[in-house]
$ cat entry13.txt   # compact mmCIF, N, CA and C atoms
# COMPACT_ATOMS: atom_id res chain seq x y z
N MET Q 134 75.93 20.94 -84.14
CA MET Q 134 74.55 20.89 -84.56
C MET Q 134 73.68 20.94 -83.32
N LYS Q 135 72.77 21.85 -83.31
CA LYS Q 135 71.84 21.95 -82.20
C LYS Q 135 70.43 21.81 -82.77
N ILE Q 136 69.70 20.83 -82.25
CA ILE Q 136 68.33 20.62 -82.71
C ILE Q 136 67.46 21.72 -82.11
N SER Q 137 66.74 22.44 -82.95
CA SER Q 137 65.91 23.56 -82.49
C SER Q 137 64.58 23.03 -81.92
N THR Q 138 63.76 23.96 -81.46
CA THR Q 138 62.45 23.57 -80.94
C THR Q 138 61.60 22.93 -82.05
N LYS Q 139 61.86 23.27 -83.30
CA LYS Q 139 61.12 22.64 -84.40
C LYS Q 139 61.32 21.13 -84.36
N GLY Q 140 62.55 20.71 -84.27
CA GLY Q 140 62.86 19.29 -84.23
C GLY Q 140 62.39 18.63 -82.95
N ARG Q 141 62.59 19.30 -81.83
CA ARG Q 141 62.20 18.74 -80.53
C ARG Q 141 60.68 18.58 -80.44
N TYR Q 142 59.95 19.64 -80.80
CA TYR Q 142 58.49 19.58 -80.71
C TYR Q 142 57.91 18.66 -81.80
N GLY Q 143 58.58 18.60 -82.95
CA GLY Q 143 58.15 17.68 -84.00
C GLY Q 143 58.24 16.24 -83.52
N LEU Q 144 59.32 15.91 -82.82
CA LEU Q 144 59.44 14.57 -82.25
C LEU Q 144 58.35 14.34 -81.20
N THR Q 145 58.04 15.39 -80.43
CA THR Q 145 56.98 15.28 -79.42
C THR Q 145 55.64 14.95 -80.08
N ILE Q 146 55.30 15.66 -81.16
CA ILE Q 146 54.05 15.40 -81.89
C ILE Q 146 54.02 13.96 -82.37
N MET Q 147 55.10 13.55 -83.03
CA MET Q 147 55.13 12.22 -83.63
C MET Q 147 55.09 11.12 -82.57
N MET Q 148 55.77 11.33 -81.45
CA MET Q 148 55.74 10.33 -80.37
C MET Q 148 54.33 10.24 -79.77
N ALA Q 149 53.66 11.37 -79.62
CA ALA Q 149 52.29 11.37 -79.08
C ALA Q 149 51.36 10.61 -80.02
N LEU Q 150 51.51 10.83 -81.33
CA LEU Q 150 50.67 10.11 -82.30
C LEU Q 150 50.98 8.61 -82.27
N ALA Q 151 52.26 8.26 -82.12
CA ALA Q 151 52.64 6.85 -82.08
C ALA Q 151 52.09 6.16 -80.83
N LYS Q 152 52.13 6.85 -79.71
CA LYS Q 152 51.64 6.27 -78.45
C LYS Q 152 50.13 6.02 -78.50
N LYS Q 153 49.40 6.84 -79.27
CA LYS Q 153 47.95 6.72 -79.34
C LYS Q 153 47.50 6.09 -80.66
N HIS Q 154 48.44 5.47 -81.36
CA HIS Q 154 48.12 4.84 -82.64
C HIS Q 154 47.03 3.79 -82.46
N GLY Q 155 46.05 3.83 -83.32
CA GLY Q 155 44.94 2.89 -83.25
C GLY Q 155 43.76 3.41 -82.46
N GLU Q 156 43.91 4.58 -81.83
CA GLU Q 156 42.82 5.17 -81.04
C GLU Q 156 42.05 6.22 -81.83
N GLY Q 157 42.35 6.35 -83.11
CA GLY Q 157 41.68 7.35 -83.94
C GLY Q 157 42.50 8.62 -84.00
N PRO Q 158 41.97 9.63 -84.71
CA PRO Q 158 42.70 10.88 -84.88
C PRO Q 158 42.91 11.60 -83.54
N ILE Q 159 44.08 12.23 -83.41
CA ILE Q 159 44.43 12.97 -82.20
C ILE Q 159 44.53 14.45 -82.56
N ALA Q 160 43.81 15.29 -81.84
CA ALA Q 160 43.84 16.73 -82.08
C ALA Q 160 45.13 17.33 -81.55
N LEU Q 161 45.67 18.30 -82.29
CA LEU Q 161 46.87 19.00 -81.83
C LEU Q 161 46.63 19.71 -80.50
N LYS Q 162 45.40 20.14 -80.30
CA LYS Q 162 45.05 20.81 -79.05
C LYS Q 162 45.35 19.90 -77.86
N LEU Q 163 45.04 18.62 -78.00
CA LEU Q 163 45.28 17.65 -76.93
C LEU Q 163 46.79 17.47 -76.68
N ILE Q 164 47.55 17.34 -77.77
CA ILE Q 164 49.01 17.19 -77.64
C ILE Q 164 49.61 18.43 -76.99
N ALA Q 165 49.16 19.61 -77.44
CA ALA Q 165 49.66 20.86 -76.88
C ALA Q 165 49.38 20.94 -75.38
N LYS Q 166 48.17 20.56 -75.01
CA LYS Q 166 47.78 20.63 -73.60
C LYS Q 166 48.58 19.63 -72.76
N GLU Q 167 48.70 18.39 -73.23
CA GLU Q 167 49.41 17.35 -72.48
C GLU Q 167 50.88 17.68 -72.27
N HIS Q 168 51.47 18.42 -73.21
CA HIS Q 168 52.91 18.70 -73.15
C HIS Q 168 53.21 20.17 -72.85
N SER Q 169 52.18 20.94 -72.53
CA SER Q 169 52.33 22.37 -72.22
C SER Q 169 53.06 23.12 -73.33
N LEU Q 170 52.59 22.92 -74.57
CA LEU Q 170 53.19 23.57 -75.73
C LEU Q 170 52.16 24.45 -76.41
N SER Q 171 52.63 25.35 -77.25
CA SER Q 171 51.75 26.23 -78.00
C SER Q 171 51.08 25.47 -79.14
N GLU Q 172 49.75 25.46 -79.12
CA GLU Q 172 49.01 24.79 -80.19
C GLU Q 172 49.33 25.45 -81.54
N HIS Q 173 49.43 26.77 -81.54
CA HIS Q 173 49.73 27.50 -82.78
C HIS Q 173 51.08 27.06 -83.36
N TYR Q 174 52.07 26.88 -82.50
CA TYR Q 174 53.40 26.45 -82.97
C TYR Q 174 53.34 25.02 -83.52
N LEU Q 175 52.59 24.16 -82.86
CA LEU Q 175 52.46 22.78 -83.34
C LEU Q 175 51.76 22.75 -84.70
N GLU Q 176 50.82 23.65 -84.91
CA GLU Q 176 50.14 23.73 -86.21
C GLU Q 176 51.12 24.07 -87.32
N GLN Q 177 52.12 24.88 -87.02
CA GLN Q 177 53.13 25.23 -88.01
C GLN Q 177 54.03 24.03 -88.33
N LEU Q 178 54.23 23.17 -87.35
CA LEU Q 178 55.11 22.03 -87.54
C LEU Q 178 54.43 20.85 -88.23
N ILE Q 179 53.13 20.71 -88.04
CA ILE Q 179 52.44 19.54 -88.57
C ILE Q 179 52.34 19.57 -90.09
N SER Q 180 52.29 20.76 -90.67
CA SER Q 180 52.16 20.89 -92.12
C SER Q 180 53.31 20.24 -92.88
N PRO Q 181 54.57 20.55 -92.55
CA PRO Q 181 55.66 19.86 -93.27
C PRO Q 181 55.68 18.35 -93.02
N LEU Q 182 55.26 17.92 -91.83
CA LEU Q 182 55.19 16.49 -91.55
C LEU Q 182 54.12 15.81 -92.41
N ARG Q 183 53.01 16.52 -92.61
CA ARG Q 183 51.95 16.00 -93.49
C ARG Q 183 52.43 15.97 -94.94
N ASN Q 184 53.06 17.06 -95.37
CA ASN Q 184 53.55 17.14 -96.76
C ASN Q 184 54.60 16.07 -97.05
N ALA Q 185 55.34 15.67 -96.03
CA ALA Q 185 56.37 14.64 -96.20
C ALA Q 185 55.77 13.23 -96.15
N GLY Q 186 54.47 13.12 -95.89
CA GLY Q 186 53.82 11.82 -95.86
C GLY Q 186 54.02 11.06 -94.56
N LEU Q 187 54.37 11.77 -93.50
CA LEU Q 187 54.57 11.11 -92.20
C LEU Q 187 53.28 11.07 -91.38
N VAL Q 188 52.40 12.06 -91.58
CA VAL Q 188 51.11 12.09 -90.87
C VAL Q 188 50.00 12.34 -91.88
N LYS Q 189 48.79 11.95 -91.51
CA LYS Q 189 47.60 12.23 -92.30
C LYS Q 189 46.66 13.04 -91.44
N SER Q 190 45.95 13.96 -92.07
CA SER Q 190 44.96 14.74 -91.33
C SER Q 190 43.57 14.18 -91.61
N ILE Q 191 42.75 14.18 -90.57
CA ILE Q 191 41.37 13.72 -90.67
C ILE Q 191 40.49 14.92 -90.31
N ARG Q 192 39.62 15.31 -91.22
CA ARG Q 192 38.75 16.47 -90.98
C ARG Q 192 37.51 16.08 -90.20
N GLY Q 193 36.87 17.08 -89.66
CA GLY Q 193 35.60 16.86 -88.99
C GLY Q 193 35.66 17.13 -87.50
N ALA Q 194 34.50 17.00 -86.88
CA ALA Q 194 34.37 17.30 -85.45
C ALA Q 194 35.28 16.41 -84.60
N TYR Q 195 35.49 15.19 -85.02
CA TYR Q 195 36.36 14.28 -84.27
C TYR Q 195 37.66 14.05 -85.02
N GLY Q 196 38.06 15.05 -85.79
CA GLY Q 196 39.26 14.95 -86.61
C GLY Q 196 40.52 15.19 -85.82
N GLY Q 197 41.61 15.13 -86.53
CA GLY Q 197 42.92 15.33 -85.93
C GLY Q 197 43.96 14.73 -86.84
N TYR Q 198 44.98 14.15 -86.25
CA TYR Q 198 46.09 13.60 -87.03
C TYR Q 198 46.38 12.17 -86.61
N VAL Q 199 46.83 11.39 -87.58
CA VAL Q 199 47.27 10.02 -87.34
C VAL Q 199 48.57 9.82 -88.11
N LEU Q 200 49.33 8.83 -87.70
CA LEU Q 200 50.54 8.49 -88.45
C LEU Q 200 50.15 7.95 -89.82
N ALA Q 201 50.89 8.34 -90.84
CA ALA Q 201 50.61 7.85 -92.19
C ALA Q 201 51.29 6.51 -92.45
N LYS Q 202 52.27 6.17 -91.59
CA LYS Q 202 53.00 4.91 -91.73
C LYS Q 202 53.13 4.28 -90.35
N ASP Q 203 53.56 3.05 -90.34
CA ASP Q 203 53.83 2.36 -89.08
C ASP Q 203 55.00 3.05 -88.38
N ALA Q 204 54.90 3.20 -87.07
CA ALA Q 204 55.95 3.86 -86.28
C ALA Q 204 57.29 3.15 -86.40
N LYS Q 205 57.28 1.87 -86.73
CA LYS Q 205 58.53 1.13 -86.88
C LYS Q 205 59.27 1.48 -88.16
N THR Q 206 58.57 2.14 -89.10
CA THR Q 206 59.20 2.49 -90.38
C THR Q 206 59.59 3.96 -90.45
N ILE Q 207 59.25 4.74 -89.46
CA ILE Q 207 59.61 6.16 -89.41
C ILE Q 207 60.78 6.32 -88.45
N THR Q 208 61.83 6.98 -88.89
CA THR Q 208 63.00 7.18 -88.02
C THR Q 208 63.05 8.60 -87.49
N ALA Q 209 63.81 8.77 -86.43
CA ALA Q 209 64.04 10.11 -85.90
C ALA Q 209 64.69 10.98 -86.98
N GLY Q 210 65.54 10.37 -87.79
CA GLY Q 210 66.19 11.10 -88.89
C GLY Q 210 65.18 11.62 -89.90
N ASP Q 211 64.16 10.83 -90.21
CA ASP Q 211 63.11 11.28 -91.14
C ASP Q 211 62.45 12.56 -90.61
N ILE Q 212 62.12 12.55 -89.34
CA ILE Q 212 61.41 13.68 -88.72
C ILE Q 212 62.31 14.90 -88.64
N ILE Q 213 63.54 14.71 -88.18
CA ILE Q 213 64.47 15.83 -88.03
C ILE Q 213 64.79 16.45 -89.39
N ARG Q 214 64.99 15.63 -90.42
CA ARG Q 214 65.30 16.18 -91.75
C ARG Q 214 64.14 17.01 -92.30
N VAL Q 215 62.91 16.56 -92.07
CA VAL Q 215 61.75 17.31 -92.56
C VAL Q 215 61.70 18.69 -91.90
N LEU Q 216 61.95 18.74 -90.60
CA LEU Q 216 61.77 19.99 -89.85
C LEU Q 216 63.03 20.85 -89.76
N GLU Q 217 64.20 20.23 -89.81
CA GLU Q 217 65.45 20.97 -89.61
C GLU Q 217 66.30 21.08 -90.88
N GLY Q 218 66.02 20.23 -91.87
CA GLY Q 218 66.86 20.22 -93.06
C GLY Q 218 67.92 19.14 -92.94
N PRO Q 219 68.91 19.17 -93.83
CA PRO Q 219 69.95 18.13 -93.83
C PRO Q 219 70.71 18.08 -92.50
N ILE Q 220 71.12 16.88 -92.13
CA ILE Q 220 71.86 16.68 -90.89
C ILE Q 220 73.34 16.88 -91.20
N SER Q 221 73.86 17.99 -90.73
CA SER Q 221 75.26 18.31 -90.99
C SER Q 221 75.81 19.14 -89.84
N PRO Q 222 76.38 18.49 -88.83
CA PRO Q 222 76.88 19.23 -87.67
C PRO Q 222 77.96 20.24 -88.03
N VAL Q 223 78.78 19.92 -89.03
CA VAL Q 223 79.87 20.81 -89.43
C VAL Q 223 79.91 20.83 -90.95
N GLU Q 224 80.09 22.01 -91.50
CA GLU Q 224 80.24 22.11 -92.95
C GLU Q 224 81.64 21.66 -93.30
N VAL Q 225 81.74 20.65 -94.14
CA VAL Q 225 83.03 20.11 -94.54
C VAL Q 225 83.60 20.97 -95.66
N MET Q 226 84.79 21.51 -95.42
CA MET Q 226 85.46 22.36 -96.41
C MET Q 226 86.48 21.52 -97.17
N GLU Q 227 86.46 21.63 -98.46
CA GLU Q 227 87.37 20.83 -99.29
C GLU Q 227 88.84 21.21 -99.07
N ASP Q 228 89.09 22.49 -98.73
CA ASP Q 228 90.48 22.91 -98.56
C ASP Q 228 90.99 22.72 -97.13
N GLU Q 229 90.20 22.04 -96.32
CA GLU Q 229 90.58 21.79 -94.93
C GLU Q 229 91.59 20.64 -94.86
N GLU Q 230 92.37 20.63 -93.80
CA GLU Q 230 93.33 19.56 -93.61
C GLU Q 230 92.60 18.22 -93.64
N PRO Q 231 93.19 17.22 -94.30
CA PRO Q 231 92.52 15.92 -94.43
C PRO Q 231 92.11 15.30 -93.08
N ALA Q 232 92.93 15.42 -92.06
CA ALA Q 232 92.59 14.82 -90.75
C ALA Q 232 91.34 15.47 -90.17
N LYS Q 233 91.24 16.80 -90.25
CA LYS Q 233 90.06 17.49 -89.73
C LYS Q 233 88.84 17.19 -90.58
N ARG Q 234 89.01 17.18 -91.90
CA ARG Q 234 87.89 16.88 -92.79
C ARG Q 234 87.34 15.48 -92.49
N ASP Q 235 88.24 14.51 -92.28
CA ASP Q 235 87.82 13.15 -91.97
C ASP Q 235 87.09 13.10 -90.62
N LEU Q 236 87.56 13.87 -89.65
CA LEU Q 236 86.89 13.93 -88.34
C LEU Q 236 85.47 14.45 -88.49
N TRP Q 237 85.28 15.55 -89.23
CA TRP Q 237 83.93 16.13 -89.42
C TRP Q 237 83.01 15.13 -90.11
N ILE Q 238 83.53 14.40 -91.07
CA ILE Q 238 82.72 13.41 -91.79
C ILE Q 238 82.32 12.28 -90.84
N LYS Q 239 83.25 11.84 -89.98
CA LYS Q 239 82.94 10.78 -89.01
C LYS Q 239 81.87 11.24 -88.02
N ILE Q 240 81.96 12.49 -87.56
CA ILE Q 240 80.95 13.03 -86.64
C ILE Q 240 79.59 13.08 -87.33
N ARG Q 241 79.55 13.61 -88.55
CA ARG Q 241 78.30 13.68 -89.31
C ARG Q 241 77.68 12.29 -89.47
N ASP Q 242 78.51 11.34 -89.86
CA ASP Q 242 78.02 9.98 -90.10
C ASP Q 242 77.52 9.32 -88.81
N ALA Q 243 78.18 9.60 -87.68
CA ALA Q 243 77.76 9.03 -86.40
C ALA Q 243 76.39 9.59 -85.99
N VAL Q 244 76.19 10.89 -86.16
CA VAL Q 244 74.90 11.51 -85.83
C VAL Q 244 73.81 10.95 -86.74
N LYS Q 245 74.09 10.86 -88.03
CA LYS Q 245 73.11 10.30 -88.97
C LYS Q 245 72.78 8.86 -88.60
N ASP Q 246 73.79 8.10 -88.23
CA ASP Q 246 73.59 6.69 -87.88
C ASP Q 246 72.64 6.55 -86.69
N VAL Q 247 72.83 7.36 -85.66
CA VAL Q 247 71.95 7.29 -84.49
C VAL Q 247 70.52 7.68 -84.88
N LEU Q 248 70.36 8.79 -85.59
CA LEU Q 248 69.03 9.26 -85.96
C LEU Q 248 68.32 8.29 -86.92
N ASP Q 249 69.08 7.72 -87.84
CA ASP Q 249 68.47 6.83 -88.83
C ASP Q 249 68.23 5.42 -88.31
N ASN Q 250 68.80 5.09 -87.17
CA ASN Q 250 68.59 3.76 -86.58
C ASN Q 250 67.73 3.80 -85.33
N THR Q 251 67.15 4.96 -85.05
CA THR Q 251 66.21 5.10 -83.93
C THR Q 251 64.83 5.32 -84.54
N THR Q 252 63.94 4.36 -84.35
CA THR Q 252 62.61 4.48 -84.94
C THR Q 252 61.68 5.24 -84.01
N LEU Q 253 60.60 5.72 -84.58
CA LEU Q 253 59.57 6.38 -83.79
C LEU Q 253 58.99 5.41 -82.77
N ASP Q 254 58.90 4.15 -83.14
CA ASP Q 254 58.42 3.13 -82.21
C ASP Q 254 59.38 3.00 -81.02
N ASP Q 255 60.68 3.04 -81.29
CA ASP Q 255 61.67 2.99 -80.19
C ASP Q 255 61.44 4.14 -79.22
N LEU Q 256 61.23 5.33 -79.75
CA LEU Q 256 61.05 6.51 -78.91
C LEU Q 256 59.73 6.47 -78.14
N ALA Q 257 58.67 6.06 -78.81
CA ALA Q 257 57.35 6.04 -78.18
C ALA Q 257 57.25 4.99 -77.08
N ASN Q 258 58.01 3.92 -77.21
CA ASN Q 258 57.95 2.84 -76.23
C ASN Q 258 59.19 2.75 -75.35
N TYR Q 259 59.93 3.84 -75.28
CA TYR Q 259 61.17 3.88 -74.51
C TYR Q 259 60.91 3.61 -73.03
N GLN Q 260 61.68 2.69 -72.50
CA GLN Q 260 61.61 2.38 -71.07
C GLN Q 260 62.92 2.85 -70.46
N GLY Q 261 62.92 4.03 -69.88
CA GLY Q 261 64.13 4.61 -69.31
C GLY Q 261 64.53 3.95 -68.01
N GLU Q 262 65.69 4.34 -67.57
CA GLU Q 262 66.22 3.80 -66.32
C GLU Q 262 66.09 4.81 -65.19
N GLY Q 263 65.00 5.54 -65.18
CA GLY Q 263 64.78 6.51 -64.11
C GLY Q 263 65.37 7.86 -64.43
N GLU Q 264 65.71 8.60 -63.39
CA GLU Q 264 66.23 9.96 -63.52
C GLU Q 264 67.60 9.94 -64.18
N GLN Q 265 67.82 10.93 -65.03
CA GLN Q 265 69.12 11.10 -65.66
C GLN Q 265 69.61 12.50 -65.38
N ASP Q 266 70.93 12.65 -65.38
CA ASP Q 266 71.49 13.99 -65.27
C ASP Q 266 71.16 14.74 -66.55
N SER Q 267 70.97 16.03 -66.43
CA SER Q 267 70.66 16.85 -67.58
C SER Q 267 71.97 17.30 -68.24
N TYR Q 268 72.14 16.94 -69.51
CA TYR Q 268 73.32 17.32 -70.25
C TYR Q 268 72.91 18.15 -71.44
N MET Q 269 73.76 19.09 -71.81
CA MET Q 269 73.57 19.87 -73.02
C MET Q 269 74.75 19.55 -73.92
N PHE Q 270 74.46 18.99 -75.09
CA PHE Q 270 75.50 18.64 -76.03
C PHE Q 270 75.51 19.66 -77.16
N TYR Q 271 76.64 20.27 -77.38
CA TYR Q 271 76.81 21.17 -78.52
C TYR Q 271 77.80 20.51 -79.45
N ILE Q 272 77.37 20.29 -80.67
CA ILE Q 272 78.27 19.64 -81.64
C ILE Q 272 78.58 20.64 -82.73
$ encode --input "entry13.txt" --output "structure tokens"
Amino acid sequence: MKISTKGRYGLTIMMALAKKHGEGPIALKLIAKEHSLSEHYLEQLISPLRNAGLVKSIRGAYGGYVLAKDAKTITAGDIIRVLEGPISPVEVMEDEEPAKRDLWIKIRDAVKDVLDNTTLDDLANYQGEGEQDSYMFYI
């Protein structure tokens, strides 16, 4: 399973909104500028997040977006599922050997567990330990 730019940028939008929670609506233009992303692409991603009830839009000259729920109640899994669809690193085949089928199910459940137990608040307030090596994980 590889998370596409939809999921990555969707998390970026949601983390930006969580970090500025309580400061009023945040324009996508500001998020795009701060993170060097395409405003047009972010506009495409915000709609499904709004439809899922994760963000609210505020109209007007000082409008923008705010979280629809507390960041502690929104998980990374909620965001990824809205933008990427079901979390399934491997399609489990019924006619597959039981040992392999069980392995795929364990991998799926482990990924779901991490995503569903990581809140938006955790991500927005993450205190890292400095520089990390860059890894690419393909599952």
$ atom_distance --input "entry13.txt" --atom1 "atom CA of Ile238 of chain Q" --atom2 "atom CA of Leu187 of chain Q"
28.2 Å
$ select_by_dssp --input "entry13.txt" --residues "chain Q" --states "strand (DSSP E)" --output "CSV table (one decimal) with N, CA and C atoms, in the coordinates of the input"
chain,number,residue,atom,x,y,z
Q,188,VAL,N,52.4,12.1,-91.6
Q,188,VAL,CA,51.1,12.1,-90.9
Q,188,VAL,C,50.0,12.3,-91.9
Q,189,LYS,N,48.8,12.0,-91.5
Q,189,LYS,CA,47.6,12.2,-92.3
Q,189,LYS,C,46.7,13.0,-91.4
Q,190,SER,N,46.0,14.0,-92.1
Q,190,SER,CA,45.0,14.7,-91.3
Q,190,SER,C,43.6,14.2,-91.6
Q,191,ILE,N,42.8,14.2,-90.6
Q,191,ILE,CA,41.4,13.7,-90.7
Q,191,ILE,C,40.5,14.9,-90.3
Q,197,GLY,N,41.6,15.1,-86.5
Q,197,GLY,CA,42.9,15.3,-85.9
Q,197,GLY,C,44.0,14.7,-86.8
Q,198,TYR,N,45.0,14.2,-86.2
Q,198,TYR,CA,46.1,13.6,-87.0
Q,198,TYR,C,46.4,12.2,-86.6
Q,199,VAL,N,46.8,11.4,-87.6
Q,199,VAL,CA,47.3,10.0,-87.3
Q,199,VAL,C,48.6,9.8,-88.1
Q,200,LEU,N,49.3,8.8,-87.7
Q,200,LEU,CA,50.5,8.5,-88.4
Q,200,LEU,C,50.2,8.0,-89.8
$ closest_residue --input "entry13.txt" --among "Q:Leu248, Q:Val199, Q:Ala165, Q:Leu150" --to "Ile212 of chain Q" --atoms "all atoms listed in the file"
Q:Leu248
$ select_by_dssp --input "entry13.txt" --residues "segment 154-267 of chain Q" --states "alpha helix (DSSP H)" --output "count of residues only"
54
$ closest_residue --input "entry13.txt" --among "Q:Asn258, Q:Ser171, Q:Thr145, Q:Val225" --to "Trp237 of chain Q" --atoms "all atoms listed in the file"
Q:Val225
$ residues_around --input "entry13.txt" --residues "Leu161 of chain Q" --least-positions-apart "5" --cutoff "7 Å" --atoms "only N, CA and C atoms" --output "number ranges by chain"
Q: 166, 172, 175-176, 196-198
$ closest_residue --input "entry13.txt" --among "Q:Pro158, Q:Gly143, Q:Gly210, Q:Pro231" --to "Leu182 of chain Q" --atoms "only C-alpha atoms"
Q:Gly143
$ closest_residue --input "entry13.txt" --among "Q:Ser180, Q:Asp228, Q:Leu200, Q:Pro222" --to "Lys135 of chain Q" --atoms "all atoms listed in the file"
Q:Pro222
$ atom_distance --input "entry13.txt" --atom1 "atom C of Pro181 of chain Q" --atom2 "atom CA of Pro219 of chain Q"
14.3 Å
$ atom_distance --input "entry13.txt" --atom1 "atom CA of Ala204 of chain Q" --atom2 "atom CA of Gly261 of chain Q"
18.9 Å
$ closest_residue --input "entry13.txt" --among "Q:Leu256, Q:His154, Q:Glu217, Q:Asp235" --to "Val188 of chain Q" --atoms "only C-alpha atoms"
Q:His154
$ closest_residue --input "entry13.txt" --among "Q:Glu156, Q:His168, Q:Ile213, Q:Lys162" --to "Gly140 of chain Q" --atoms "all atoms listed in the file"
Q:Ile213
$ residues_around --input "entry13.txt" --residues "Asn250 of chain Q" --least-positions-apart "4" --cutoff "7 Å" --atoms "all atoms listed in the file" --output "list in words"
Thr208, Ala209, Gly210, Lys245 and Asp246 of chain Q
$ decode --input "entry13.txt" --residues "segment 191-207 of chain Q" --atoms "N, CA, C and O atoms" --output "short mmCIF file (atom, residue, chain, number, x, y, z; two decimals), in the first residue's frame"
data_model
loop_
_atom_site.label_atom_id
_atom_site.label_comp_id
_atom_site.auth_asym_id
_atom_site.auth_seq_id
_atom_site.Cartn_x
_atom_site.Cartn_y
_atom_site.Cartn_z
N ILE Q 191 -16.31 28.15 5.82
CA ILE Q 191 -16.87 29.43 6.24
C ILE Q 191 -16.76 30.37 5.05
O ILE Q 191 -15.66 30.56 4.52
N ARG Q 192 -17.88 30.90 4.60
CA ARG Q 192 -17.87 31.80 3.44
C ARG Q 192 -17.55 33.22 3.85
O ARG Q 192 -17.66 33.59 5.00
N GLY Q 193 -17.19 34.00 2.86
CA GLY Q 193 -16.99 35.43 3.09
C GLY Q 193 -15.55 35.85 2.90
O GLY Q 193 -14.66 35.04 2.64
N ALA Q 194 -15.34 37.15 3.03
CA ALA Q 194 -14.01 37.73 2.81
C ALA Q 194 -12.97 37.14 3.75
O ALA Q 194 -11.81 37.00 3.38
N TYR Q 195 -13.36 36.81 4.96
CA TYR Q 195 -12.42 36.24 5.92
C TYR Q 195 -12.72 34.76 6.14
O TYR Q 195 -12.44 34.22 7.21
N GLY Q 196 -13.26 34.13 5.11
CA GLY Q 196 -13.65 32.73 5.19
C GLY Q 196 -12.48 31.79 5.01
O GLY Q 196 -11.34 32.20 4.85
N GLY Q 197 -12.81 30.53 5.05
CA GLY Q 197 -11.81 29.49 4.91
C GLY Q 197 -12.37 28.21 5.48
O GLY Q 197 -13.57 27.95 5.40
N TYR Q 198 -11.51 27.44 6.10
CA TYR Q 198 -11.92 26.14 6.64
C TYR Q 198 -11.51 26.00 8.09
O TYR Q 198 -10.49 26.55 8.52
N VAL Q 199 -12.31 25.26 8.83
CA VAL Q 199 -12.02 24.92 10.22
C VAL Q 199 -12.34 23.44 10.41
O VAL Q 199 -13.11 22.86 9.63
N LEU Q 200 -11.76 22.85 11.43
CA LEU Q 200 -12.10 21.47 11.75
C LEU Q 200 -13.54 21.40 12.21
O LEU Q 200 -14.00 22.27 12.95
N ALA Q 201 -14.25 20.37 11.79
CA ALA Q 201 -15.64 20.19 12.20
C ALA Q 201 -15.73 19.47 13.54
O ALA Q 201 -16.77 19.51 14.20
N LYS Q 202 -14.63 18.82 13.94
CA LYS Q 202 -14.58 18.08 15.21
C LYS Q 202 -13.28 18.41 15.90
O LYS Q 202 -12.35 18.94 15.29
N ASP Q 203 -13.19 18.01 17.14
CA ASP Q 203 -11.95 18.16 17.90
C ASP Q 203 -10.87 17.28 17.27
O ASP Q 203 -11.14 16.14 16.88
N ALA Q 204 -9.66 17.80 17.18
CA ALA Q 204 -8.54 17.06 16.58
C ALA Q 204 -8.26 15.75 17.31
O ALA Q 204 -7.70 14.82 16.73
N LYS Q 205 -8.64 15.66 18.56
CA LYS Q 205 -8.41 14.43 19.33
C LYS Q 205 -9.37 13.31 18.93
O LYS Q 205 -9.14 12.15 19.25
N THR Q 206 -10.45 13.67 18.21
CA THR Q 206 -11.44 12.66 17.81
C THR Q 206 -11.30 12.26 16.34
O THR Q 206 -12.00 11.37 15.88
N ILE Q 207 -10.43 12.91 15.60
CA ILE Q 207 -10.19 12.59 14.19
C ILE Q 207 -8.90 11.79 14.11
O ILE Q 207 -7.87 12.21 14.65
#
